[in-house]
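Shown next, in structure tokens, is the structure this report addresses.
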Amino acid sequence: MSQVNHHLLSLLVALPVAGAILVALTPRAAATLQKTLGLAVSGAVLALSLLLLPGFRDVATMQFVERAPWIPAWGISYYVGVDGLSLWLVILSTFLTPLALLGSWRSIHDRVREFVVFMLLLEAGMVGVFVALDLFLFYVFWEAMLIPMYFLIGIWGHERRIYAAVKFFLYTFAGSVLMLVAFLVLYKTAGLGTFGIPELVAAPVDSGLQVWLFLACALAFAIKVPMWPFHTWLPDAHVEAPTAGSVILAGVLLKMGGYGFLRLAIPLFPNAAMQFAPLVGVLAVIGILYGALVSLVQPDLKKLVAYSSVSHLGFVMLGIAAFTTTGLVGSVYQMLNHGISTGALFFLVGFLYDRRHTRLISEFGGLKAAMPWYFAVFLLISLSSIAVPGFNGFVGEFLILMGSWKFSPAMVVAASIGVILAAGYVLWMVKRVFYGELSNPKNQGLPDLGAREAFVLVPLVVLALLMGVASPLFTRRIEPAADALVRQVKQQTQPVRAASAAAAAARAAATGAAPAGVAGGSEVRR
Amino acid sequence: MTGVLDLRPIVPAVIVALTGVFVLLVQAFTPKGKAAPSSTLSVTGLVAALLSVWLLATGGARGAVMAQAVAADDFALFFHALILSIAVIAVLLSRSYLEANGMERGEHYALLLFSVVGMLGLVSSLELVSLFVALEIMSIALYGLAGMQRGRVQSQEAALKYFVTGAFSSAFFLYGVALLYGVSGSTQLSRVAQQLALLSPDTSGLAILGTALLLVGFGFKIASVPFHMWVPDVYEGAPTPTTAFMAAGVKAAAFGALLRVLALALPGLAASWRPLVAVLAIVTMVVGNLAALAQPRLKRMLAYSSIAHAGYLLTALVAAPGLAGEAMLFYLVGYAAVNLGGFGAIAALAREGREPVRIDDLAGLAQRRPALAAALAVYLVSLTGIPLTAGFVGKFYLFNAAVAAGWVTLAIVGVVMSVVSAYYYLGVVVVMYMRDPVGEDTWAAVSPASGFALAFSAGVALVLGVWPAPLLALARIAAHSLLSSY
């Protein structure tokens, strides 16, 4: 048992890869075998990931740490660990993958082997991103994961799948390459001879250089989140992806953006992060309102859910920008909520699409009568999505808004309008789809949720409720890490600020020149 | 070793040369109607040469020098192993292609082996005249190789074009050598460096001109912009296995020689050639990648991509000596593997004189040749520079060298151009995986020899991406030997 515990995180990454290799070796026609293997492997990964919970202590330090030299010549190591910021995101990834496989059991019948292989590789990549503690390792997982997602969208997607796949890939790839240069510059400037994140965090670089490096990393993460105005890849990718792809995209991949800010951009470049926090906050609020307003006018169910993600992730970014312990806990919590509620919504839309091969809201109406159980689940998930008290969404948004009040009351007020708009677009959609006359003859006699579909949805509904009423179960594990991050950044920014201000004042006094803004900004590309 | 000529450094080259002669003789004595075992003989000879490299590297001959002109230092041995391996793969890819095109003749293999001799000389010469001779041995054999497909006009055109531009670039190279000799009084690389250090300001202009002319000569061989005009036509026109061999082998040998000349003979002029190389790097990356975007033909796209990769390699050269050597050595290995694979995959599909020409010809390949499509996807992903492939670690290394030397701009141009390249590389993946096959399946089944060569290349690309440390260590040792003086 202790052996398992020592290598738990490695197992979580290696097991899906091993499973993928195994599935790749099966004969092409054995579709049921491949699906079963995929489900078994991802189920085992989920079970293993739950072993993290009993061993996890509610402290701020990294746990389940493993470190082994990988490319010693450059100080690159295989270095993994989890803390409160990543713990739940790891479990979210391992939780959604088997559900996604099960949810697309029927809808994927073409090239099943490749589908299962890519899903498992994707899982390994997602877990890898959340546990990596070495910049190189992080980047490897971050980018390598694009490939399976690209294939998932491009092969099994809908009509415009190729366009969406290429756009998704180029957008995210373009965003992240500058981050790589930033890592190299950081590596050289810090001069520690290591890519280990904790070491680099402990030795912040000059605040002028931080601005450039922060911007390079923030671009990568902002595209992934996606923050307005970098969101345009999202509707295409989400809508064109197959159900499993949309669930993983919305459920997990988007969180990597927010997580990237928390794990890398902010702790590595605290001064720059604090400097840009107001801008991030403003973009977040624009995203909240923009996403909500665009959702209001979507005629397509899947597009509506996709744009609502822009709005929900805006809340996450607002909490991060506010940078209080409460706000950060809210942000992490909201990431989990969004994974559950939006993941469930994509499943629901996908199940409906399986039956009717359309997602246009106008094609439906009065479904309540035809599919009562489906309606019940849809309504519960909708309530979770619009943050009704008693559901998970409420806890997350409340914490974020409360944590952001000191940061900017105006932003909180604007974001609250987003909460109201969310109720508007979701409930209006529910009304148009489920209430009224069952007038469209094609909708008569639609089968209600089957056992497999129910099996996918019930865990999500249960979690949405559990996280709504028993939030301390989850937040108490997040809080120490969030608190430590806030304290670290406060500690690193205050003295440096004072010192650089003093230095600037001294220079101004000595030369009589105009006061320098940010010291050292021109040193970057010498 | 005073007074005695130490012949050990040229043993691998001699083995390869003798094999080439033997291949021709065996063909001459094979009765009509029977096929000469040319490819088997070639592989045997190349493997024997590889074995001799291994013996040189592990035995007492490591670092031996013949007549102050040819060295068997770690740098040369590293490149020997690389070039010989490239040749083995190229020979394995050749057979089925030659048969499919009715050009199964021993001359193909003999010329290939002779050009390998030139390449081996190129990376081990310590002296400018031997370097020039090696360059010509390599090039003249390649002119012949490019024109082997006599029935095809494009092949003839390729040979002629390659010959004319090649001769032109040789003239530049020779003029550069003459100027450096005139200034320094020696063609010995290390002596040139010593003499250049003592130059007065009025003669240093000549030395810089000589350096610039050498760079032009090398520019043609490594296919950097603006000396790249011949590349698309020649790569497209030459028989595909020859293209694979040129793309991987010539680039490796020419970069090896360039690195040695710059590091050994011209470190004193670094302040002059460094900005020049930086400009060449940027222009090459930008032009190569943007031009590749617009290519609907597979071999032409890969030709422009090879130009673009010359640009990436040049970014590290500004950091020479420093990290440049090891970064370039590592990159060249991964690059060679995926280029052999890329062109090799096209060659492996050749049947009855036809091969995939347009990218669209690969539509639905993933459904008809899943293994080949997967291998080709690995090469393309590696060329793009996505993690877990050799291409990523290689680019990381190159750009790290540039950043460490303070040239952040070069790294930024490099990564941005990588994004551009993703569009055309993944375009091929889109066609293979996301389109349905069209019409009858007219392509050949992959032969065992080609299959092995392609699987090996894909394996190299993946293994170096996941576990690069051992090769990195070797590259570092090899690069360091370059800096120890002679």
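Ligands are numbered from 1 in the order shown, chains are lettered A, B, ... in the order of the structure tokens, and residues start at 1 in each chain.
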Using only C-alpha atoms, tabulate the residues of chain A lying at most 8 Å from any atom of chain B, each with its closest atom pair and that distance in Å to one decimal, by chain and increasing residue number, as a tab-separated table.
residue	atom	partner	partner_atom	distance
A:Trp70	CA	B:Ala469	CA	7.1
A:Ile71	CA	B:Ala469	CA	5.1
A:Pro72	CA	B:Ala469	CA	7.3
A:Ala73	CA	B:Ala469	CA	7.6
A:Tyr139	CA	B:Pro387	CA	7.8
A:Val140	CA	B:Pro387	CA	5.0
A:Phe141	CA	B:Pro387	CA	7.6
A:Glu143	CA	B:Pro387	CA	6.3
A:Ala144	CA	B:Pro387	CA	5.4
A:Gly154	CA	B:Met434	CA	6.0
A:Ile155	CA	B:Met434	CA	5.1
A:Ile162	CA	B:Met434	CA	7.1
A:Val166	CA	B:Tyr423	CA	7.6
A:Leu170	CA	B:Val419	CA	6.7
A:Phe173	CA	B:Val419	CA	6.5
A:Ala174	CA	B:Val419	CA	5.6
A:Val177	CA	B:Val415	CA	5.7
A:Leu178	CA	B:Ile412	CA	6.8
A:Val181	CA	B:Ala411	CA	6.7
A:Leu184	CA	B:Asn400	CA	6.0
A:Val185	CA	B:Val403	CA	6.5
A:Lys188	CA	B:Ala404	CA	6.2
A:Arg525	CA	B:Val408	CA	5.9
A:Arg526	CA	B:Gly406	CA	6.0
Practice task
Might you pull out every residue within 12 Å of Ser295 in chain A, with only C-alpha atoms counted and same-chain residues fewer than 6 positions away left off, and present them as a ChimeraX atom specification?
Solution key: /A:235,287-289,301-312,418,421-429
Original post:
Leu200 in chain A: which residues within 10 Å, counting only C-alpha atoms, same-chain residues fewer than 2 positions away excluded, as a list in words?
Top reply: Asp134, Leu135, Leu186, Tyr187, Ala190, Gly191, Leu192, Gly193, Thr194, Phe195, Gly196, Ile197, Pro198, Ala202, Ala203, Pro204, Val205, Leu264, Pro267, Leu268 and Phe269 of chain A
For the selection just defined, write its residues with N, CA, C and O atoms to a file, as a short mmCIF file (atom, residue, chain, number, x, y, z; two decimals), in the first residue's frame.
data_model
loop_
_atom_site.label_atom_id
_atom_site.label_comp_id
_atom_site.auth_asym_id
_atom_site.auth_seq_id
_atom_site.Cartn_x
_atom_site.Cartn_y
_atom_site.Cartn_z
N ASP A 134 7.74 20.71 -12.61
CA ASP A 134 8.93 21.11 -13.34
C ASP A 134 8.45 21.80 -14.60
O ASP A 134 7.54 21.31 -15.27
N LEU A 135 9.01 22.96 -14.91
CA LEU A 135 8.48 23.73 -16.03
C LEU A 135 8.52 22.95 -17.33
O LEU A 135 7.60 22.99 -18.13
N LEU A 186 13.66 32.65 -18.16
CA LEU A 186 13.62 32.52 -16.70
C LEU A 186 14.74 31.60 -16.22
O LEU A 186 15.43 31.90 -15.25
N TYR A 187 14.90 30.50 -16.92
CA TYR A 187 15.93 29.52 -16.56
C TYR A 187 17.31 30.16 -16.58
O TYR A 187 18.11 29.99 -15.67
N ALA A 190 17.37 33.24 -13.80
CA ALA A 190 17.40 32.79 -12.42
C ALA A 190 18.76 32.14 -12.11
O ALA A 190 19.25 32.24 -10.98
N GLY A 191 19.33 31.48 -13.10
CA GLY A 191 20.67 30.92 -12.93
C GLY A 191 20.76 29.83 -11.88
O GLY A 191 21.83 29.61 -11.32
N LEU A 192 19.64 29.17 -11.61
CA LEU A 192 19.68 28.11 -10.59
C LEU A 192 20.04 26.77 -11.20
O LEU A 192 20.27 25.80 -10.49
N GLY A 193 20.01 26.71 -12.54
CA GLY A 193 20.30 25.44 -13.20
C GLY A 193 19.22 24.40 -12.99
O GLY A 193 19.49 23.22 -13.02
N THR A 194 18.00 24.86 -12.73
CA THR A 194 16.90 23.90 -12.57
C THR A 194 15.63 24.48 -13.17
O THR A 194 15.48 25.69 -13.28
N PHE A 195 14.75 23.57 -13.60
CA PHE A 195 13.44 23.99 -14.08
C PHE A 195 12.38 23.70 -13.02
O PHE A 195 11.19 23.81 -13.29
N GLY A 196 12.78 23.31 -11.83
CA GLY A 196 11.83 22.99 -10.77
C GLY A 196 11.03 24.23 -10.38
O GLY A 196 11.61 25.29 -10.10
N ILE A 197 9.71 24.10 -10.34
CA ILE A 197 8.87 25.27 -10.09
C ILE A 197 9.07 25.81 -8.66
O ILE A 197 9.27 27.01 -8.49
N PRO A 198 9.05 24.94 -7.62
CA PRO A 198 9.21 25.50 -6.27
C PRO A 198 10.52 26.29 -6.10
O PRO A 198 10.52 27.35 -5.47
N ALA A 202 10.82 30.42 -5.35
CA ALA A 202 11.51 30.96 -4.17
C ALA A 202 12.51 32.04 -4.53
O ALA A 202 12.95 32.79 -3.67
N ALA A 203 12.89 32.13 -5.81
CA ALA A 203 13.89 33.13 -6.20
C ALA A 203 13.36 33.98 -7.34
O ALA A 203 13.70 33.77 -8.49
N PRO A 204 12.47 34.94 -7.03
CA PRO A 204 11.86 35.72 -8.11
C PRO A 204 12.89 36.58 -8.85
O PRO A 204 13.88 37.02 -8.25
N VAL A 205 12.66 36.77 -10.14
CA VAL A 205 13.58 37.57 -10.95
C VAL A 205 13.19 39.03 -10.87
O VAL A 205 12.16 39.40 -10.32
N LEU A 264 1.78 28.81 -12.01
CA LEU A 264 2.98 29.37 -12.64
C LEU A 264 2.99 30.89 -12.69
O LEU A 264 3.86 31.53 -12.10
N PRO A 267 2.70 32.84 -8.99
CA PRO A 267 3.82 32.65 -8.06
C PRO A 267 5.19 32.95 -8.66
O PRO A 267 6.07 33.43 -7.96
N LEU A 268 5.38 32.69 -9.95
CA LEU A 268 6.70 32.94 -10.53
C LEU A 268 6.94 34.42 -10.76
O LEU A 268 8.07 34.90 -10.64
N PHE A 269 5.90 35.14 -11.12
CA PHE A 269 6.06 36.55 -11.45
C PHE A 269 5.11 37.39 -10.62
O PHE A 269 4.21 38.05 -11.14
#
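Excluding Ala72 in chain B itself and any same-chain residue fewer than 4 positions from it, the protein and nucleic acid residues within 6 Å of it, counting only C-alpha atoms, are Pro9, Gly63, Ala64 and Ala76 of chain B.
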Quick one: write out the picked residues with N, CA, C and O atoms as a CSV table (one decimal), in the first residue's frame?
chain,number,residue,atom,x,y,z
B,9,PRO,N,42.1,7.3,-39.1
B,9,PRO,CA,40.9,8.2,-39.2
B,9,PRO,C,40.1,8.0,-40.5
B,9,PRO,O,38.9,8.3,-40.6
B,63,GLY,N,40.5,10.2,-31.4
B,63,GLY,CA,41.2,11.5,-31.4
B,63,GLY,C,42.4,11.4,-32.3
B,63,GLY,O,43.1,12.4,-32.4
B,64,ALA,N,42.6,10.3,-33.0
B,64,ALA,CA,43.8,10.3,-33.9
B,64,ALA,C,43.6,11.3,-35.1
B,64,ALA,O,42.6,11.6,-35.4
B,76,ALA,N,34.0,14.1,-35.1
B,76,ALA,CA,33.9,13.4,-36.4
B,76,ALA,C,33.2,12.1,-36.2
B,76,ALA,O,32.4,11.7,-37.1
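When only C-alpha atoms are used to measure the gap to Leu314 in chain B, the shortest distance among B:Val378, B:Phe218, B:Arg368, B:Arg351 belongs to B:Phe218.
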- as an MDAnalysis selection string, list the residues of range 369-473 of chain B assigned to alpha helix (DSSP H) by DSSP on the backbone atoms of this structure. chainID B and resid 370:384 390:404 408:434 448:466 469:473
Take the residues from that selection and write them out as a PDB file, in the first residue's frame, keeping C-alpha atoms.
ATOM      1  CA  PRO B 370      -2.714   2.708 -40.498  1.00  0.00           C
ATOM      2  CA  ALA B 371       0.872   1.954 -39.490  1.00  0.00           C
ATOM      3  CA  LEU B 372       2.417   4.056 -42.232  1.00  0.00           C
ATOM      4  CA  ALA B 373       0.042   6.934 -41.503  1.00  0.00           C
ATOM      5  CA  ALA B 374       0.866   6.743 -37.802  1.00  0.00           C
ATOM      6  CA  ALA B 375       4.587   6.830 -38.565  1.00  0.00           C
ATOM      7  CA  LEU B 376       4.189   9.759 -40.925  1.00  0.00           C
ATOM      8  CA  ALA B 377       2.123  11.538 -38.269  1.00  0.00           C
ATOM      9  CA  VAL B 378       4.954  11.018 -35.783  1.00  0.00           C
ATOM     10  CA  TYR B 379       7.459  12.568 -38.219  1.00  0.00           C
ATOM     11  CA  LEU B 380       5.213  15.530 -38.872  1.00  0.00           C
ATOM     12  CA  VAL B 381       4.526  16.089 -35.186  1.00  0.00           C
ATOM     13  CA  SER B 382       8.257  15.957 -34.556  1.00  0.00           C
ATOM     14  CA  LEU B 383       8.936  18.418 -37.375  1.00  0.00           C
ATOM     15  CA  THR B 384       6.383  20.752 -35.796  1.00  0.00           C
ATOM     16  CA  ALA B 390      12.878  14.511 -30.900  1.00  0.00           C
ATOM     17  CA  GLY B 391      11.822  17.672 -32.707  1.00  0.00           C
ATOM     18  CA  PHE B 392      10.652  19.306 -29.503  1.00  0.00           C
ATOM     19  CA  VAL B 393      13.707  18.482 -27.433  1.00  0.00           C
ATOM     20  CA  GLY B 394      15.886  19.555 -30.357  1.00  0.00           C
ATOM     21  CA  LYS B 395      14.171  22.904 -30.764  1.00  0.00           C
ATOM     22  CA  PHE B 396      14.217  23.402 -27.027  1.00  0.00           C
ATOM     23  CA  TYR B 397      17.960  22.850 -27.129  1.00  0.00           C
ATOM     24  CA  LEU B 398      18.556  25.148 -30.110  1.00  0.00           C
ATOM     25  CA  PHE B 399      16.476  27.975 -28.713  1.00  0.00           C
ATOM     26  CA  ASN B 400      17.971  27.468 -25.288  1.00  0.00           C
ATOM     27  CA  ALA B 401      21.414  27.933 -26.859  1.00  0.00           C
ATOM     28  CA  ALA B 402      20.244  31.121 -28.565  1.00  0.00           C
ATOM     29  CA  VAL B 403      18.656  32.473 -25.368  1.00  0.00           C
ATOM     30  CA  ALA B 404      21.687  31.552 -23.282  1.00  0.00           C
ATOM     31  CA  VAL B 408      16.061  36.059 -27.361  1.00  0.00           C
ATOM     32  CA  THR B 409      14.721  37.557 -30.589  1.00  0.00           C
ATOM     33  CA  LEU B 410      15.917  34.548 -32.563  1.00  0.00           C
ATOM     34  CA  ALA B 411      14.103  32.201 -30.189  1.00  0.00           C
ATOM     35  CA  ILE B 412      10.913  34.247 -30.492  1.00  0.00           C
ATOM     36  CA  VAL B 413      11.042  34.197 -34.307  1.00  0.00           C
ATOM     37  CA  GLY B 414      11.755  30.479 -34.098  1.00  0.00           C
ATOM     38  CA  VAL B 415       8.769  29.595 -31.950  1.00  0.00           C
ATOM     39  CA  VAL B 416       6.403  31.850 -33.863  1.00  0.00           C
ATOM     40  CA  MET B 417       7.503  30.227 -37.100  1.00  0.00           C
ATOM     41  CA  SER B 418       6.943  26.828 -35.482  1.00  0.00           C
ATOM     42  CA  VAL B 419       3.313  27.815 -35.112  1.00  0.00           C
ATOM     43  CA  VAL B 420       3.162  28.678 -38.806  1.00  0.00           C
ATOM     44  CA  SER B 421       4.725  25.331 -39.594  1.00  0.00           C
ATOM     45  CA  ALA B 422       2.076  23.552 -37.514  1.00  0.00           C
ATOM     46  CA  TYR B 423      -0.459  24.614 -40.108  1.00  0.00           C
ATOM     47  CA  TYR B 424       1.160  22.878 -43.047  1.00  0.00           C
ATOM     48  CA  TYR B 425       2.501  19.854 -41.195  1.00  0.00           C
ATOM     49  CA  LEU B 426      -0.849  19.187 -39.571  1.00  0.00           C
ATOM     50  CA  GLY B 427      -2.509  19.810 -42.910  1.00  0.00           C
ATOM     51  CA  VAL B 428      -1.029  16.495 -43.991  1.00  0.00           C
ATOM     52  CA  VAL B 429      -2.317  14.843 -40.807  1.00  0.00           C
ATOM     53  CA  VAL B 430      -5.767  16.266 -41.524  1.00  0.00           C
ATOM     54  CA  VAL B 431      -5.722  14.742 -45.002  1.00  0.00           C
ATOM     55  CA  MET B 432      -4.536  11.366 -43.739  1.00  0.00           C
ATOM     56  CA  TYR B 433      -6.805  11.069 -40.710  1.00  0.00           C
ATOM     57  CA  MET B 434      -9.812  13.294 -41.195  1.00  0.00           C
ATOM     58  CA  PRO B 448       9.671  -5.146 -45.155  1.00  0.00           C
ATOM     59  CA  ALA B 449      12.917  -3.217 -45.683  1.00  0.00           C
ATOM     60  CA  SER B 450      11.113   0.109 -46.027  1.00  0.00           C
ATOM     61  CA  GLY B 451       8.852  -0.803 -43.130  1.00  0.00           C
ATOM     62  CA  PHE B 452      11.833  -1.437 -40.916  1.00  0.00           C
ATOM     63  CA  ALA B 453      13.490   1.822 -41.979  1.00  0.00           C
ATOM     64  CA  LEU B 454      10.328   3.818 -41.328  1.00  0.00           C
ATOM     65  CA  ALA B 455       9.624   2.168 -37.987  1.00  0.00           C
ATOM     66  CA  PHE B 456      13.218   2.778 -36.940  1.00  0.00           C
ATOM     67  CA  SER B 457      12.952   6.474 -37.846  1.00  0.00           C
ATOM     68  CA  ALA B 458       9.692   6.854 -35.947  1.00  0.00           C
ATOM     69  CA  GLY B 459      11.240   5.024 -33.000  1.00  0.00           C
ATOM     70  CA  VAL B 460      14.197   7.399 -32.973  1.00  0.00           C
ATOM     71  CA  ALA B 461      11.871  10.396 -33.071  1.00  0.00           C
ATOM     72  CA  LEU B 462       9.862   9.119 -30.110  1.00  0.00           C
ATOM     73  CA  VAL B 463      12.669   7.710 -27.972  1.00  0.00           C
ATOM     74  CA  LEU B 464      14.699  10.901 -28.271  1.00  0.00           C
ATOM     75  CA  GLY B 465      11.602  12.824 -27.298  1.00  0.00           C
ATOM     76  CA  VAL B 466      10.996  10.828 -24.141  1.00  0.00           C
ATOM     77  CA  ALA B 469      19.599  12.231 -21.874  1.00  0.00           C
ATOM     78  CA  PRO B 470      21.978   9.586 -23.324  1.00  0.00           C
ATOM     79  CA  LEU B 471      22.231  11.208 -26.750  1.00  0.00           C
ATOM     80  CA  LEU B 472      22.557  14.611 -25.128  1.00  0.00           C
ATOM     81  CA  ALA B 473      25.542  13.341 -23.193  1.00  0.00           C
TER      82      ALA B 473
END
Restricting to only C-alpha atoms, whichever of A:Val45, A:Ala20, A:Leu25, A:Ser10 is closest to Tyr79 in chain A is A:Ser10
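Listed by chain and then by rising number, the residues of range 31-125 of chain B that DSSP assigns to strand (DSSP E or B) from the backbone are Val65, Met66, Val70, Ala71 and Ser125 of chain B.
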Selection from above, N, CA and C atoms, as a PDB file, in the first residue's frame, can you write it?
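Output file again-v5.pdb is given in full below:
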ATOM      1  N   VAL B  65      44.778  11.714 -35.605  1.00  0.00           N
ATOM      2  CA  VAL B  65      44.760  12.700 -36.676  1.00  0.00           C
ATOM      3  C   VAL B  65      45.670  12.211 -37.789  1.00  0.00           C
ATOM      4  N   MET B  66      45.202  12.286 -39.023  1.00  0.00           N
ATOM      5  CA  MET B  66      46.033  11.880 -40.149  1.00  0.00           C
ATOM      6  C   MET B  66      46.600  13.121 -40.818  1.00  0.00           C
ATOM      7  N   VAL B  70      42.951  15.111 -41.386  1.00  0.00           N
ATOM      8  CA  VAL B  70      41.713  14.380 -41.123  1.00  0.00           C
ATOM      9  C   VAL B  70      41.758  13.849 -39.699  1.00  0.00           C
ATOM     10  N   ALA B  71      40.732  14.160 -38.937  1.00  0.00           N
ATOM     11  CA  ALA B  71      40.725  13.774 -37.533  1.00  0.00           C
ATOM     12  C   ALA B  71      39.668  12.722 -37.264  1.00  0.00           C
ATOM     13  N   SER B 125      37.501  16.812 -41.728  1.00  0.00           N
ATOM     14  CA  SER B 125      38.651  17.571 -42.240  1.00  0.00           C
ATOM     15  C   SER B 125      39.057  18.683 -41.295  1.00  0.00           C
TER      16      SER B 125
END
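What separates CA of Lys299 in chain B from CA of Ile282 in chain B is a distance of 23.2 Å.
Atom pair CA of Met149 in chain A / CA of Trp105 in chain A: separated by 17.9 Å.
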Within 7 Å of range 38-43 of chain B, counting only C-alpha atoms, which residues qualify if same-chain residues fewer than 5 places away don't, as a tab-separated table (two decimals) with all heavy atoms, in the first residue's frame?
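Final output, around.tsv:
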chain	number	residue	atom	x	y	z
B	19	THR	N	33.43	-0.52	-50.77
B	19	THR	CA	32.12	-1.14	-50.99
B	19	THR	C	31.48	-0.61	-52.26
B	19	THR	O	30.91	-1.37	-53.06
B	19	THR	CB	31.19	-0.87	-49.79
B	19	THR	OG1	31.88	-1.13	-48.59
B	19	THR	CG2	29.95	-1.73	-49.86
B	23	VAL	N	30.40	-2.85	-55.35
B	23	VAL	CA	29.02	-2.90	-55.86
B	23	VAL	C	29.03	-2.78	-57.38
B	23	VAL	O	28.34	-3.53	-58.09
B	23	VAL	CB	28.17	-1.78	-55.23
B	23	VAL	CG1	26.86	-1.59	-55.99
B	23	VAL	CG2	27.88	-2.09	-53.77
B	88	VAL	N	22.40	3.88	-44.28
B	88	VAL	CA	21.76	2.57	-44.17
B	88	VAL	C	20.26	2.70	-44.42
B	88	VAL	O	19.66	1.95	-45.20
B	88	VAL	CB	22.03	1.94	-42.79
B	88	VAL	CG1	21.19	0.69	-42.59
B	88	VAL	CG2	23.50	1.62	-42.63
B	91	VAL	N	19.47	3.35	-48.02
B	91	VAL	CA	19.60	2.16	-48.87
B	91	VAL	C	18.39	1.26	-48.68
B	91	VAL	O	17.82	0.74	-49.64
B	91	VAL	CB	20.91	1.40	-48.53
B	91	VAL	CG1	20.91	0.03	-49.18
B	91	VAL	CG2	22.11	2.21	-48.97
B	95	ARG	N	15.41	0.23	-52.28
B	95	ARG	CA	15.19	-0.95	-53.10
B	95	ARG	C	13.79	-1.01	-53.71
B	95	ARG	O	13.64	-1.13	-54.93
B	95	ARG	CB	15.45	-2.19	-52.26
B	95	ARG	CG	15.38	-3.42	-53.11
B	95	ARG	CD	16.07	-4.56	-52.46
B	95	ARG	NE	15.89	-5.74	-53.27
B	95	ARG	CZ	16.20	-6.94	-52.85
B	95	ARG	NH1	16.70	-7.11	-51.65
B	95	ARG	NH2	16.01	-7.98	-53.63
B	106	GLY	N	22.91	-0.86	-60.00
B	106	GLY	CA	23.91	-0.75	-58.96
B	106	GLY	C	24.48	0.65	-58.81
B	106	GLY	O	24.95	1.03	-57.74
B	109	TYR	N	23.36	2.73	-55.85
B	109	TYR	CA	23.99	2.43	-54.55
B	109	TYR	C	25.44	2.89	-54.54
B	109	TYR	O	25.92	3.43	-53.54
B	109	TYR	CB	23.89	0.93	-54.27
B	109	TYR	CG	22.47	0.47	-54.17
B	109	TYR	CD1	21.85	-0.19	-55.23
B	109	TYR	CD2	21.72	0.73	-53.03
B	109	TYR	CE1	20.53	-0.60	-55.14
B	109	TYR	CE2	20.41	0.33	-52.94
B	109	TYR	CZ	19.81	-0.34	-53.99
B	109	TYR	OH	18.52	-0.72	-53.90
Taking 5 positions as the minimum chain separation for residues in the same chain, which residues sit within 10 Å of Ala17 in chain B when counting only C-alpha atoms? Answer as a ChimeraX atom specification.
/B:11-12,22-23,45-46,110-111,113-118
Write out as a CSV table (one decimal) with N, CA and C atoms, in the first residue's frame the residues lying within 8 Å of Asp300 in chain A, counting only C-alpha atoms and excluding same-chain residues fewer than 5 positions away.
chain,number,residue,atom,x,y,z
A,359,ARG,N,-29.5,20.1,-32.7
A,359,ARG,CA,-29.3,20.8,-31.4
A,359,ARG,C,-30.0,22.1,-31.4
A,360,LEU,N,-30.8,22.4,-32.4
A,360,LEU,CA,-31.5,23.7,-32.5
A,360,LEU,C,-32.6,23.7,-31.5
A,361,ILE,N,-32.6,24.8,-30.7
A,361,ILE,CA,-33.7,24.9,-29.6
A,361,ILE,C,-35.1,25.0,-30.3
re CA of Gln491 in chain A and CA of Val131 in chain A: distance 25.1 Å
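The residue that comes closest to Arg57 in chain A, out of A:Leu249, A:Cys217, A:Val82, A:Leu102 and on the basis of only C-alpha atoms, is A:Val82.
Comparing the minimum interatomic distances between Leu189 in chain B and each of B:Leu77, B:Leu293, B:Leu482, B:Leu160, counting only C-alpha atoms, we find that B:Leu482 sits nearest.
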